[in-house]
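Trainee: The structure file protein.txt (compact mmCIF, C-alpha atoms) is provided below.
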# COMPACT_ATOMS: atom_id res chain seq x y z
CA MET A 182 45.34 69.94 -1.69
CA LEU A 183 41.96 71.59 -1.86
CA ASP A 184 41.11 74.36 0.59
CA ILE A 185 39.09 72.85 3.45
CA LYS A 186 37.29 76.17 3.93
CA LEU A 187 36.24 76.11 0.28
CA ILE A 188 34.97 72.54 0.67
CA ARG A 189 33.15 73.49 3.87
CA ASP A 190 31.50 76.57 2.36
CA HIS A 191 30.78 75.24 -1.14
CA PRO A 192 30.61 71.43 -1.00
CA ASP A 193 28.18 71.02 -3.90
CA ALA A 194 30.29 73.16 -6.24
CA ILE A 195 33.42 71.17 -5.38
CA ARG A 196 31.57 67.88 -5.88
CA GLN A 197 30.38 69.03 -9.30
CA ARG A 198 33.87 70.07 -10.43
CA LEU A 199 35.47 66.86 -9.19
CA ALA A 200 32.74 64.78 -10.84
CA LEU A 201 33.87 66.16 -14.21
CA ARG A 202 37.07 64.14 -13.84
CA GLY A 203 34.98 60.97 -14.00
CA ALA A 204 36.97 59.10 -11.33
CA GLY A 205 34.41 59.27 -8.51
CA ASP A 206 36.55 61.48 -6.27
CA GLU A 207 33.54 63.66 -5.46
CA LYS A 208 32.29 60.85 -3.21
CA LEU A 209 35.17 61.54 -0.81
CA ILE A 210 33.87 65.01 0.01
CA ASP A 211 31.22 63.63 2.39
CA ASP A 212 33.92 61.81 4.36
CA VAL A 213 36.08 64.94 4.50
CA LEU A 214 33.15 66.96 5.81
CA ALA A 215 32.32 64.29 8.39
CA PHE A 216 35.88 64.34 9.76
CA ASP A 217 35.88 68.12 9.66
CA GLU A 218 32.61 68.34 11.59
CA ALA A 219 33.83 65.84 14.20
CA ARG A 220 36.96 67.94 14.63
CA ARG A 221 35.03 71.17 15.02
CA GLN A 222 32.61 69.66 17.53
CA ALA A 223 35.48 68.29 19.61
CA LEU A 224 37.28 71.66 19.52
CA THR A 225 34.07 73.42 20.62
CA GLU A 226 33.70 71.03 23.54
CA VAL A 227 37.36 71.54 24.47
CA GLU A 228 36.93 75.32 24.55
CA THR A 229 33.80 74.96 26.70
CA LEU A 230 35.59 72.62 29.10
CA LYS A 231 38.58 74.93 29.37
CA ALA A 232 36.31 77.83 30.24
CA THR A 233 34.59 75.66 32.86
CA ARG A 234 37.96 74.58 34.29
CA ASN A 235 39.10 78.20 34.57
CA ARG A 236 35.88 79.11 36.37
CA VAL A 237 36.16 76.16 38.76
CA SER A 238 39.82 76.97 39.44
CA LYS A 239 38.82 80.45 40.57
CA GLU A 240 36.13 78.93 42.79
CA ILE A 241 38.75 76.64 44.35
CA GLY A 242 40.87 79.66 45.25
CA ALA A 243 37.90 81.35 46.87
CA LEU A 244 36.99 78.20 48.84
CA MET A 245 40.56 77.76 50.02
CA SER A 246 40.66 81.35 51.26
CA GLN A 247 37.42 80.67 53.17
CA LYS A 248 38.92 77.49 54.69
CA LYS A 249 36.24 75.36 53.01
CA LEU A 250 38.71 72.59 52.32
CA ALA A 251 36.27 69.76 51.70
CA GLU A 252 34.39 71.75 49.05
CA ALA A 253 37.72 72.82 47.53
CA GLU A 254 38.85 69.20 47.26
CA ALA A 255 35.60 68.29 45.50
CA LYS A 256 36.19 71.10 43.03
CA LYS A 257 39.76 69.88 42.46
CA ALA A 258 38.39 66.43 41.62
CA GLU A 259 36.03 68.12 39.16
CA THR A 260 38.92 69.94 37.45
CA ARG A 261 40.89 66.69 37.21
CA ALA A 262 37.93 65.03 35.50
CA ILE A 263 37.65 68.00 33.15
CA GLY A 264 41.38 67.76 32.41
CA ASP A 265 41.06 64.06 31.62
CA ARG A 266 38.20 64.81 29.24
CA ILE A 267 40.20 67.57 27.54
CA THR A 268 43.11 65.17 27.05
CA GLU A 269 40.74 62.61 25.56
CA LEU A 270 39.26 65.21 23.20
CA ASP A 271 42.71 66.48 22.18
CA LYS A 272 43.58 62.95 21.08
CA LYS A 273 40.30 62.76 19.20
CA VAL A 274 41.01 66.08 17.45
CA ALA A 275 44.48 64.88 16.45
CA GLY A 276 43.03 61.63 15.13
CA VAL A 277 40.30 63.18 13.01
CA GLU A 278 42.69 65.87 11.75
CA GLU A 279 45.09 63.17 10.59
CA ALA A 280 42.26 61.23 8.93
CA ARG A 281 40.97 64.40 7.25
CA GLU A 282 44.45 65.34 5.97
CA LYS A 283 45.11 61.84 4.62
CA LEU A 284 41.82 61.99 2.75
CA LEU A 285 42.50 65.47 1.39
CA LEU A 286 45.87 64.26 0.07
CA ARG A 287 44.05 61.66 -2.04
CA ILE A 288 41.61 64.10 -3.64
CA PRO A 289 42.77 65.60 -6.97
CA ASN A 290 42.63 69.24 -7.92
CA ALA A 291 39.33 70.63 -9.16
CA PRO A 292 39.34 71.48 -12.89
CA HIS A 293 39.29 75.15 -13.83
CA ALA A 294 36.02 76.42 -15.30
CA SER A 295 37.69 76.88 -18.71
CA VAL A 296 38.63 73.19 -19.00
CA PRO A 297 36.34 71.31 -21.43
CA PRO A 298 34.46 68.29 -20.10
CA GLY A 299 35.47 64.90 -21.41
CA THR A 300 36.51 61.39 -20.47
CA SER A 301 39.69 60.70 -22.46
CA SER A 302 42.31 62.14 -24.83
CA ALA A 303 39.79 61.77 -27.65
CA ASP A 304 37.90 64.69 -26.09
CA ASN A 305 40.90 67.06 -26.01
CA PRO A 306 40.30 69.99 -28.38
CA GLU A 307 43.15 71.16 -30.61
CA VAL A 308 44.04 74.76 -29.79
CA ARG A 309 46.51 75.44 -32.61
CA CYS A 310 48.93 73.82 -35.00
CA TRP A 311 52.37 74.96 -36.18
CA GLY A 312 54.12 74.05 -39.41
CA GLN A 313 53.32 71.27 -41.82
CA LYS A 314 53.93 67.55 -41.71
CA PRO A 315 57.20 66.94 -43.57
CA GLU A 316 57.06 65.32 -46.99
CA PHE A 317 59.72 62.89 -48.17
CA GLY A 318 60.70 61.60 -51.58
CA PHE A 319 61.36 58.25 -49.92
CA PRO A 320 59.69 56.10 -47.24
CA PRO A 321 60.70 57.70 -43.92
CA LYS A 322 62.35 55.31 -41.50
CA PRO A 323 61.30 54.94 -37.87
CA HIS A 324 63.76 56.07 -35.21
CA VAL A 325 64.83 52.54 -34.29
CA GLU A 326 66.18 51.91 -37.79
CA LEU A 327 67.86 55.31 -37.88
CA CYS A 328 69.46 54.80 -34.47
CA MET A 329 70.81 51.40 -35.40
CA ALA A 330 72.11 52.49 -38.81
CA LEU A 331 73.86 55.57 -37.41
CA GLY A 332 74.95 54.03 -34.11
CA LEU A 333 72.97 56.55 -32.05
CA VAL A 334 71.44 54.17 -29.51
CA ASP A 335 72.40 50.62 -28.58
CA PHE A 336 69.07 49.16 -27.52
CA ASP A 337 70.35 45.63 -26.86
CA ARG A 338 73.20 46.67 -24.59
CA GLY A 339 70.99 49.17 -22.79
CA ALA A 340 68.64 46.32 -21.95
CA LYS A 341 71.63 44.15 -20.97
CA LEU A 342 72.74 46.79 -18.48
CA SER A 343 69.41 47.58 -16.82
CA GLY A 344 66.59 45.63 -18.44
CA SER A 345 63.95 46.65 -20.95
CA GLY A 346 62.98 50.30 -21.00
CA PHE A 347 66.51 51.66 -20.55
CA LEU A 348 68.66 53.23 -23.28
CA LEU A 349 72.38 53.33 -24.04
CA TYR A 350 73.14 56.39 -26.15
CA THR A 351 76.34 56.01 -28.16
CA GLY A 352 78.53 58.21 -30.36
CA TRP A 353 76.57 60.91 -32.12
CA GLY A 354 73.44 59.83 -30.24
CA ALA A 355 75.02 60.65 -26.89
CA ARG A 356 76.32 63.95 -28.27
CA LEU A 357 72.93 64.84 -29.74
CA GLU A 358 71.18 64.11 -26.44
CA ARG A 359 73.68 66.31 -24.59
CA ALA A 360 73.38 69.04 -27.22
CA LEU A 361 69.60 69.09 -26.92
CA ILE A 362 69.78 69.44 -23.13
CA GLN A 363 72.28 72.30 -23.38
CA PHE A 364 70.25 74.01 -26.10
CA LEU A 365 67.08 73.83 -24.00
CA LEU A 366 68.76 75.21 -20.88
CA ASP A 367 70.42 78.04 -22.80
CA LEU A 368 67.18 78.98 -24.54
CA HIS A 369 65.10 79.18 -21.36
CA THR A 370 67.74 81.02 -19.33
CA THR A 371 68.86 83.54 -21.94
CA GLU A 372 65.60 84.24 -23.78
CA HIS A 373 62.72 83.22 -21.48
CA GLY A 374 63.88 84.59 -18.14
CA PHE A 375 64.26 81.36 -16.16
CA THR A 376 66.90 80.81 -13.50
CA GLU A 377 68.77 77.54 -13.84
CA VAL A 378 68.96 75.21 -10.85
CA SER A 379 70.42 71.72 -10.56
CA PRO A 380 68.42 69.72 -7.98
CA PRO A 381 69.17 66.41 -6.26
CA PHE A 382 68.01 63.41 -8.27
CA ILE A 383 67.07 61.51 -5.09
CA ILE A 384 64.37 63.20 -3.00
CA GLY A 385 62.35 62.69 0.19
CA ARG A 386 58.77 61.49 0.13
CA HIS A 387 57.65 64.89 1.46
CA CYS A 388 58.65 66.36 -1.91
CA MET A 389 56.57 63.72 -3.69
CA ILE A 390 53.60 64.52 -1.47
CA GLY A 391 54.10 68.23 -2.06
CA VAL A 392 53.62 68.03 -5.83
CA GLY A 393 50.87 65.40 -5.67
CA GLN A 394 52.87 62.35 -6.79
CA PHE A 395 52.15 60.68 -3.44
CA PRO A 396 50.10 59.02 -2.13
CA LYS A 397 48.18 58.55 -5.40
CA PHE A 398 51.09 57.27 -7.52
CA GLU A 399 53.35 55.71 -4.93
CA ASP A 400 53.16 52.34 -6.71
CA GLN A 401 54.75 53.90 -9.81
CA ALA A 402 57.90 55.28 -8.15
CA TYR A 403 61.41 53.91 -7.70
CA ALA A 404 62.13 53.74 -3.97
CA VAL A 405 65.73 53.87 -2.73
CA GLN A 406 67.34 51.80 0.03
CA GLU A 407 70.55 52.96 1.68
CA GLY A 408 72.98 50.06 1.51
CA LEU A 409 71.72 47.04 3.42
CA ASP A 410 69.53 49.06 5.79
CA ALA A 411 65.99 47.91 4.89
CA GLY A 412 64.62 50.45 7.35
CA THR A 413 65.54 53.27 4.98
CA MET A 414 63.38 51.92 2.15
CA GLY A 415 60.63 54.39 1.26
CA LYS A 416 62.29 57.48 2.74
CA LEU A 417 63.98 58.50 -0.50
CA TYR A 418 62.95 58.12 -4.16
CA LEU A 419 64.40 58.60 -7.61
CA LEU A 420 62.72 61.70 -8.98
CA PRO A 421 59.99 61.10 -11.60
CA THR A 422 60.49 64.67 -12.87
CA ALA A 423 62.48 67.71 -11.76
CA GLU A 424 59.13 69.24 -10.82
CA ALA A 425 59.24 67.24 -7.57
CA PRO A 426 62.36 68.84 -6.07
CA VAL A 427 62.25 72.23 -7.84
CA ALA A 428 58.64 73.08 -6.97
CA ASN A 429 59.51 72.24 -3.35
CA ILE A 430 62.54 74.55 -3.14
CA HIS A 431 60.57 77.13 -1.12
CA ARG A 432 58.34 74.70 0.80
CA GLU A 433 57.35 75.83 4.30
CA GLU A 434 58.59 79.36 3.54
CA ILE A 435 56.81 82.70 3.52
CA LEU A 436 58.08 84.64 0.53
CA LYS A 437 57.85 88.36 -0.01
CA GLU A 438 55.37 89.46 -2.65
CA THR A 439 58.21 91.29 -4.39
CA GLN A 440 60.00 87.95 -4.92
CA LEU A 441 57.24 86.78 -7.27
CA PRO A 442 57.20 85.60 -9.95
CA ILE A 443 59.93 82.99 -9.46
CA ARG A 444 60.88 81.07 -12.60
CA TYR A 445 63.18 78.04 -12.43
CA VAL A 446 64.48 75.72 -15.13
CA ALA A 447 66.24 72.45 -14.38
CA TYR A 448 67.63 69.45 -16.21
CA SER A 449 67.26 66.00 -14.71
CA PRO A 450 66.92 62.38 -15.70
CA CYS A 451 63.42 61.12 -14.91
CA PHE A 452 62.60 57.68 -13.57
CA ARG A 453 59.14 56.17 -14.18
CA ALA A 454 58.43 52.62 -13.03
CA GLU A 455 54.99 52.59 -14.67
CA ALA A 456 56.46 52.75 -18.17
CA GLY A 457 56.66 48.96 -18.21
CA ALA A 458 52.87 48.75 -18.28
CA ALA A 459 52.89 49.90 -21.89
CA GLY A 460 55.05 47.10 -23.24
CA VAL A 461 58.53 48.55 -23.08
CA GLY A 462 59.97 45.16 -23.95
CA THR A 463 59.86 46.06 -27.64
CA ARG A 464 62.64 48.24 -28.99
CA GLY A 465 62.12 51.96 -29.10
CA MET A 466 62.32 55.24 -27.24
CA ILE A 467 58.64 56.20 -26.94
CA ARG A 468 58.06 54.80 -23.44
CA VAL A 469 61.08 54.15 -21.27
CA HIS A 470 61.84 53.91 -17.57
CA GLN A 471 64.55 56.59 -17.67
CA PHE A 472 64.60 59.68 -19.87
CA ASP A 473 66.00 63.20 -19.80
CA LYS A 474 63.87 66.30 -19.38
CA VAL A 475 64.28 70.03 -18.96
CA GLU A 476 61.56 71.22 -16.60
CA LEU A 477 60.05 74.68 -16.15
CA ILE A 478 58.62 75.77 -12.79
CA LYS A 479 56.86 79.02 -11.91
CA ILE A 480 55.72 80.34 -8.53
CA VAL A 481 53.43 83.29 -9.16
CA LYS A 482 50.73 85.49 -7.69
CA PRO A 483 47.24 83.99 -8.22
CA GLU A 484 46.01 86.83 -10.40
CA THR A 485 48.80 86.22 -12.94
CA GLY A 486 48.48 82.43 -13.10
CA SER A 487 46.47 82.29 -16.31
CA ASP A 488 48.81 84.57 -18.27
CA GLU A 489 51.87 82.78 -16.89
CA LEU A 490 50.52 79.45 -18.16
CA GLU A 491 50.02 80.80 -21.68
CA GLU A 492 53.56 82.20 -21.62
CA MET A 493 54.98 78.88 -20.43
CA VAL A 494 53.29 77.06 -23.31
CA ALA A 495 54.74 79.60 -25.74
CA ASN A 496 58.22 79.03 -24.25
CA ALA A 497 57.93 75.28 -24.84
CA GLU A 498 56.57 75.82 -28.34
CA LYS A 499 59.59 77.96 -29.19
CA VAL A 500 61.79 74.89 -28.79
CA LEU A 501 59.95 72.99 -31.50
CA GLN A 502 59.74 76.01 -33.79
CA LEU A 503 63.49 76.59 -33.64
CA LEU A 504 64.12 72.92 -34.39
CA GLY A 505 61.72 72.97 -37.37
CA LEU A 506 59.32 70.38 -35.97
CA HIS A 507 55.63 70.27 -36.78
CA TYR A 508 53.41 70.14 -33.68
CA ARG A 509 49.97 70.80 -32.27
CA VAL A 510 48.76 72.17 -28.93
CA VAL A 511 45.78 70.52 -27.24
CA LEU A 512 43.84 71.51 -24.14
CA LEU A 513 43.30 68.53 -21.88
CA CYS A 514 39.70 67.74 -20.97
CA THR A 515 38.57 67.13 -17.39
CA GLY A 516 38.95 63.35 -17.66
CA ASP A 517 42.51 63.45 -19.06
CA MET A 518 44.13 65.90 -16.66
CA GLY A 519 46.88 65.13 -14.17
CA PHE A 520 46.12 64.74 -10.46
CA ALA A 521 47.47 68.13 -9.33
CA SER A 522 46.47 70.21 -12.34
CA ALA A 523 43.62 72.68 -12.64
CA LYS A 524 44.35 73.29 -16.33
CA THR A 525 46.81 71.64 -18.72
CA TYR A 526 47.99 72.10 -22.28
CA ASP A 527 49.86 69.30 -24.04
CA ILE A 528 52.24 69.95 -26.92
CA GLU A 529 52.44 67.03 -29.32
CA VAL A 530 55.18 66.85 -31.94
CA TRP A 531 54.78 64.97 -35.22
CA ALA A 532 57.03 61.92 -35.65
CA PRO A 533 56.85 60.91 -39.33
CA GLY A 534 58.53 57.54 -38.81
CA GLN A 535 55.82 56.69 -36.28
CA GLY A 536 53.03 58.32 -38.25
CA GLN A 537 51.69 59.89 -35.07
CA TYR A 538 51.95 62.79 -32.67
CA LEU A 539 54.05 62.35 -29.53
CA GLU A 540 53.58 64.37 -26.35
CA VAL A 541 56.82 66.23 -25.58
CA SER A 542 55.49 68.87 -23.20
CA SER A 543 52.70 69.14 -20.67
CA CYS A 544 52.21 72.60 -19.14
CA SER A 545 49.94 72.89 -16.10
CA ASN A 546 48.58 75.52 -13.76
CA CYS A 547 48.13 73.76 -10.42
CA GLU A 548 46.80 76.96 -8.82
CA ASP A 549 47.33 76.81 -5.03
CA PHE A 550 46.87 73.02 -4.84
CA GLN A 551 50.58 72.19 -4.48
CA ALA A 552 51.42 75.27 -2.40
CA ARG A 553 48.91 74.12 0.24
CA ARG A 554 50.44 70.64 0.33
CA MET A 555 53.93 72.07 0.93
CA ASN A 556 52.77 75.03 3.06
CA LEU A 557 54.36 77.60 0.75
CA ARG A 558 52.99 81.12 1.18
CA PHE A 559 53.81 84.72 0.34
CA LYS A 560 53.12 87.87 2.33
CA THR A 561 51.22 90.57 0.48
CA ASP A 562 51.94 94.28 0.77
CA THR A 563 49.03 94.49 3.21
CA GLY A 564 50.57 91.82 5.46
CA GLU A 565 48.24 88.95 4.49
CA ASN A 566 49.73 85.48 4.01
CA LYS A 567 48.46 83.86 0.81
CA PHE A 568 49.20 80.69 -1.14
CA PRO A 569 50.85 81.32 -4.53
CA TYR A 570 50.03 79.46 -7.71
CA ILE A 571 52.58 76.89 -8.90
CA LEU A 572 52.95 76.03 -12.59
CA ASN A 573 55.03 73.32 -14.21
CA GLY A 574 55.87 72.44 -17.77
CA SER A 575 58.23 70.33 -19.85
CA GLY A 576 60.59 72.50 -21.74
CA THR A 577 60.82 69.86 -23.25
CA ALA A 578 61.05 66.11 -22.63
CA LEU A 579 63.41 63.74 -24.32
CA ALA A 580 63.64 61.01 -25.69
CA ARG A 581 60.51 61.81 -27.71
CA LEU A 582 62.03 65.09 -28.89
CA PHE A 583 65.05 63.05 -30.00
CA VAL A 584 62.73 60.69 -31.90
CA ALA A 585 60.81 63.48 -33.66
CA LEU A 586 64.00 65.33 -34.56
CA ILE A 587 65.84 62.45 -36.24
CA GLU A 588 62.69 61.19 -37.98
CA THR A 589 61.78 64.67 -39.26
CA HIS A 590 65.28 65.63 -40.45
CA GLN A 591 66.30 62.28 -41.96
CA GLN A 592 67.69 62.44 -45.49
CA ALA A 593 67.49 60.11 -48.47
CA ASP A 594 71.11 59.01 -47.98
CA GLY A 595 70.38 57.89 -44.41
CA SER A 596 71.95 60.91 -42.75
CA ILE A 597 70.32 63.36 -40.31
CA ALA A 598 70.36 67.09 -41.08
CA VAL A 599 71.19 68.98 -37.91
CA PRO A 600 68.91 72.01 -37.31
CA ALA A 601 70.81 75.32 -37.25
CA PRO A 602 70.34 75.98 -33.48
CA LEU A 603 72.08 72.68 -32.64
CA GLN A 604 75.00 73.05 -35.01
CA PRO A 605 77.12 75.18 -32.60
CA TYR A 606 76.77 72.43 -29.98
CA LEU A 607 77.48 69.49 -32.31
CA LYS A 608 80.02 71.31 -34.54
CA THR A 609 78.43 69.74 -37.62
CA ASP A 610 75.44 70.22 -39.89
CA ARG A 611 74.88 66.54 -40.57
CA ILE A 612 75.08 63.19 -38.80
CA LYS A 613 76.22 60.71 -41.45
CA PRO A 614 76.27 56.91 -41.66
Could you render the structure from this file as structure tokens?
Mentor:
Amino acid sequence: MLDIKLIRDHPDAIRQRLALRGAGDEKLIDDVLAFDEARRQALTEVETLKATRNRVSKEIGALMSQKKLAEAEAKKAETRAIGDRITELDKKVAGVEEAREKLLLRIPNAPHASVPPGTSSADNPEVRCWGQKPEFGFPPKPHVELCMALGLVDFDRGAKLSGSGFLLYTGWGARLERALIQFLLDLHTTEHGFTEVSPPFIIGRHCMIGVGQFPKFEDQAYAVQEGLDAGTMGKLYLLPTAEAPVANIHREEILKETQLPIRYVAYSPCFRAEAGAAGVGTRGMIRVHQFDKVELIKIVKPETGSDELEEMVANAEKVLQLLGLHYRVVLLCTGDMGFASAKTYDIEVWAPGQGQYLEVSSCSNCEDFQARRMNLRFKTDTGENKFPYILNGSGTALARLFVALIETHQQADGSIAVPAPLQPYLKTDRIKP
């Protein structure tokens, strides 16, 4: 969440930055400040009343020693009234604090000054491009045709098992998916300095709140119920991305400065209920309810956040370069950024069978926004407790990587040429009909 002290000291600057998102969130700042002022006024009154109660208590002692019992009893009644008022104010403070925190949880991160203004993806500037769009001596087939011809994915039976938006990988398709996951994990652990972790795939709502998924996107999550106990519904959720559990690994901890940077990589399936809004009923792998992803997480000192983001993007790009896939990197504008992000780059790979670019990685610097939500801090060499910056990125996401790979490396005879880095995992250089 945003720093309340920053909002308190620079409300106009925060309003201006939030207004660039174009969602009207800047209007919530007045309400936050009103709750904050009510809290501060109540706390000031409490401190004044406590000082008065201490003074009166001393007077009672003096009166008792002087045998002025009637006056002492009157003073005792006064202290009881003060105590009642303090109790009333304490409840008020708790109430306005809760209201303020709930409101802060709904306010997105403020865009970094380097993020270009804009309202949609059409305003995202291209930062760079790698490789060339592949040329074919034949009409390239879309991935659905390739998957059906080669028996890579059984779309009909996947839908029979779980409904539209779910995939059943088969044969070489299942092996290719597994090979890609293993390749990604090996690359990031052996060459990019990440430590592999394997998180739970079912997580508590506090993890979702910590990374900014909740409360904003609670309607897009898969909630879990334990058996027939309806009372457990909403306590646990299928993870939408490994970011949710992995970024929370050190929640409510105070790390040593020497522990930073921390770099984690994790594989997980990802579950997204909102995918259905885009018409998943048609066959394909572009938007599905469940997909695999290898996620990158960094916890770093604030002064290194910018460089760490650029490095993370380069790590994700390396995946596509090694697989021989043409892609572009775009910088998201203020109106197209995610809720928790201060700055985001998207990597979009070219899918020739679709005739379009597909996002396969989104790398974001969330600054201290998530760390504040999960109360994660680190102690500096001077003994000061500070919030670290948390970064996340796809390294990368499937099934879109799967789509781009088979469409890019399809051959005239209907086979798929296997890129060299994947051959040791698949034990073949070609997937044939």
Trainee: Using all atoms listed in the file, which of the listed residues (A:Ile480, A:Ile210, A:Arg234, A:Glu316) sits closest to Ala258 in chain A?
Mentor: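 When distances to Ala258 in chain A are compared using all atoms listed in the file, the smallest one comes from A:Arg234.
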Trainee: So which one's closest to Gly205 in chain A, A:Lys256, A:Arg386, A:His369, A:Arg287? Using only C-alpha atoms, please.
Mentor: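 Closest residue, counting only C-alpha atoms: A:Arg287.
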Trainee: Under the rule of at most 9 Å, produce a per-residue listing of range 293-330 of chain A near range 508-515 of chain A: chain, number, name, the closest pair of atoms, and the distance in Å, as JSON lines, using only C-alpha atoms.
Mentor:
{"residue": "A:His293", "atom": "CA", "partner": "A:Thr515", "partner_atom": "CA", "distance": 8.8}
{"residue": "A:Val296", "atom": "CA", "partner": "A:Cys514", "partner_atom": "CA", "distance": 5.9}
{"residue": "A:Pro297", "atom": "CA", "partner": "A:Cys514", "partner_atom": "CA", "distance": 4.9}
{"residue": "A:Pro298", "atom": "CA", "partner": "A:Thr515", "partner_atom": "CA", "distance": 5.1}
{"residue": "A:Gly299", "atom": "CA", "partner": "A:Cys514", "partner_atom": "CA", "distance": 5.1}
{"residue": "A:Thr300", "atom": "CA", "partner": "A:Thr515", "partner_atom": "CA", "distance": 6.8}
{"residue": "A:Ser301", "atom": "CA", "partner": "A:Cys514", "partner_atom": "CA", "distance": 7.2}
{"residue": "A:Ser302", "atom": "CA", "partner": "A:Leu513", "partner_atom": "CA", "distance": 7.1}
{"residue": "A:Ala303", "atom": "CA", "partner": "A:Cys514", "partner_atom": "CA", "distance": 9.0}
{"residue": "A:Asp304", "atom": "CA", "partner": "A:Cys514", "partner_atom": "CA", "distance": 6.2}
{"residue": "A:Asn305", "atom": "CA", "partner": "A:Leu513", "partner_atom": "CA", "distance": 5.0}
{"residue": "A:Pro306", "atom": "CA", "partner": "A:Val511", "partner_atom": "CA", "distance": 5.6}
{"residue": "A:Glu307", "atom": "CA", "partner": "A:Val511", "partner_atom": "CA", "distance": 4.3}
{"residue": "A:Val308", "atom": "CA", "partner": "A:Val511", "partner_atom": "CA", "distance": 5.2}
{"residue": "A:Arg309", "atom": "CA", "partner": "A:Val510", "partner_atom": "CA", "distance": 5.4}
{"residue": "A:Cys310", "atom": "CA", "partner": "A:Arg509", "partner_atom": "CA", "distance": 4.2}
{"residue": "A:Trp311", "atom": "CA", "partner": "A:Tyr508", "partner_atom": "CA", "distance": 5.5}
{"residue": "A:Gly312", "atom": "CA", "partner": "A:Tyr508", "partner_atom": "CA", "distance": 7.0}
{"residue": "A:Gln313", "atom": "CA", "partner": "A:Tyr508", "partner_atom": "CA", "distance": 8.2}
{"residue": "A:Lys314", "atom": "CA", "partner": "A:Tyr508", "partner_atom": "CA", "distance": 8.5}
Trainee: Could you name the residues that touch Pro421 in chain A at 8 Å or less, counting only C-alpha atoms, but leaving out those on the same chain fewer than 5 positions away, as a ChimeraX atom specification?
Mentor: /A:402,451-453
Trainee: Excluding Cys328 in chain A and residues on its chain fewer than 6 positions from it, collect all residues at most 12 Å away from it, counting all atoms listed in the file, and give them as a short mmCIF file (atom, residue, chain, number, x, y, z; two decimals) with C-alpha atoms, in the frame of the given file.
Mentor:
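Contents of selection_17.cif, freshly written:
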data_model
loop_
_atom_site.label_atom_id
_atom_site.label_comp_id
_atom_site.auth_asym_id
_atom_site.auth_seq_id
_atom_site.Cartn_x
_atom_site.Cartn_y
_atom_site.Cartn_z
CA LYS A 322 62.35 55.31 -41.50
CA VAL A 334 71.44 54.17 -29.51
CA ASP A 335 72.40 50.62 -28.58
CA PHE A 336 69.07 49.16 -27.52
CA ASP A 337 70.35 45.63 -26.86
CA LEU A 348 68.66 53.23 -23.28
CA LEU A 349 72.38 53.33 -24.04
CA TYR A 350 73.14 56.39 -26.15
CA THR A 351 76.34 56.01 -28.16
CA GLY A 352 78.53 58.21 -30.36
CA TRP A 353 76.57 60.91 -32.12
CA GLY A 354 73.44 59.83 -30.24
CA ALA A 355 75.02 60.65 -26.89
CA LEU A 357 72.93 64.84 -29.74
CA ARG A 464 62.64 48.24 -28.99
CA GLY A 465 62.12 51.96 -29.10
CA MET A 466 62.32 55.24 -27.24
CA PHE A 583 65.05 63.05 -30.00
CA VAL A 584 62.73 60.69 -31.90
CA LEU A 586 64.00 65.33 -34.56
CA ILE A 587 65.84 62.45 -36.24
CA GLU A 588 62.69 61.19 -37.98
CA GLN A 591 66.30 62.28 -41.96
CA GLY A 595 70.38 57.89 -44.41
CA SER A 596 71.95 60.91 -42.75
CA ILE A 597 70.32 63.36 -40.31
CA ILE A 612 75.08 63.19 -38.80
CA LYS A 613 76.22 60.71 -41.45
CA PRO A 614 76.27 56.91 -41.66
#
Trainee: Kindly give the distance, in Å, that separates CA of Gly408 in chain A and CA of Ser343 in chain A, rounded to a single decimal.
Mentor: 18.8 Å
Trainee: So that I can see what lies close to Gly505 in chain A, please list as a list in words the residues with an atom at most 12 Å from it, counting all atoms listed in the file and leaving out residues fewer than 4 positions away in the same chain.
Mentor: Trp311, Gly312, Gln313, Lys314, Pro315, Glu498, Lys499, Val500, Leu501, Val530, Trp531, Leu582, Ala585, Leu586, Ile587, Glu588, Thr589, His590, Ala598, Val599, Pro600, Ala601, Pro602 and Leu603 of chain A
Trainee: One number please: CA of Phe347 in chain A to CA of Gln406 in chain A, in Å, one decimal.
Mentor: 20.6 Å
Trainee: In terms of the shortest atom-to-atom distance over all atoms listed in the file, which of A:Thr609, A:Ser449, A:Ala275, A:Lys524 is closest to Phe382 in chain A?
Mentor: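 The closest residue to Phe382 in chain A is A:Ser449.
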Trainee: Between A:Lys283, A:Arg266, A:Arg558, A:Lys608, which is the closest to Pro483 in chain A once you count only C-alpha atoms?
Mentor: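 Of all the options, A:Arg558 lies closest to Pro483 in chain A.
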Trainee: Residues at most 8 Å from Ile267 in chain A, counting all atoms listed in the file, excluding those fewer than 4 positions away in the same chain, as a list in words?
Mentor: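 Contacts, in chain order: Val227, Leu230, Lys231, Ile263 and Asp271 of chain A.
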Trainee: Find the residues near Val213 in chain A: any atom within 12 Å, counting only C-alpha atoms, skip ones fewer than 3 places away on the same chain, and give them as a PyMOL selection string.
Mentor: chain A and resi 183-189+192+195-196+206-210+216-220+277-288
Trainee: Pick from A:Ala330, A:Leu539, A:Leu572, A:Val469: nearest to Ser345 in chain A, with all atoms listed in the file counted?
Mentor: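 Ranked by minimum distance to Ser345 in chain A, first place goes to A:Val469.
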Trainee: May I ask which of the residues A:Val325, A:Leu409, A:Leu607, A:Ile443 is the closest one to Glu489 in chain A, counting all atoms listed in the file?
Mentor: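 Of the candidates, the smallest distance to Glu489 in chain A is held by A:Ile443.
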Trainee: I'd like the box whose edges run along x, y and z of the file and which contains every listed atom of range 380-390 of chain A, padded by 8 Å per side; could you state its centre and edge lengths in Å, one decimal, as lines of an AutoDock Vina configuration file?
Mentor:
center_x = 61.4
center_y = 65.6
center_z = -3.4
size_x = 31.6
size_y = 24.2
size_z = 25.7
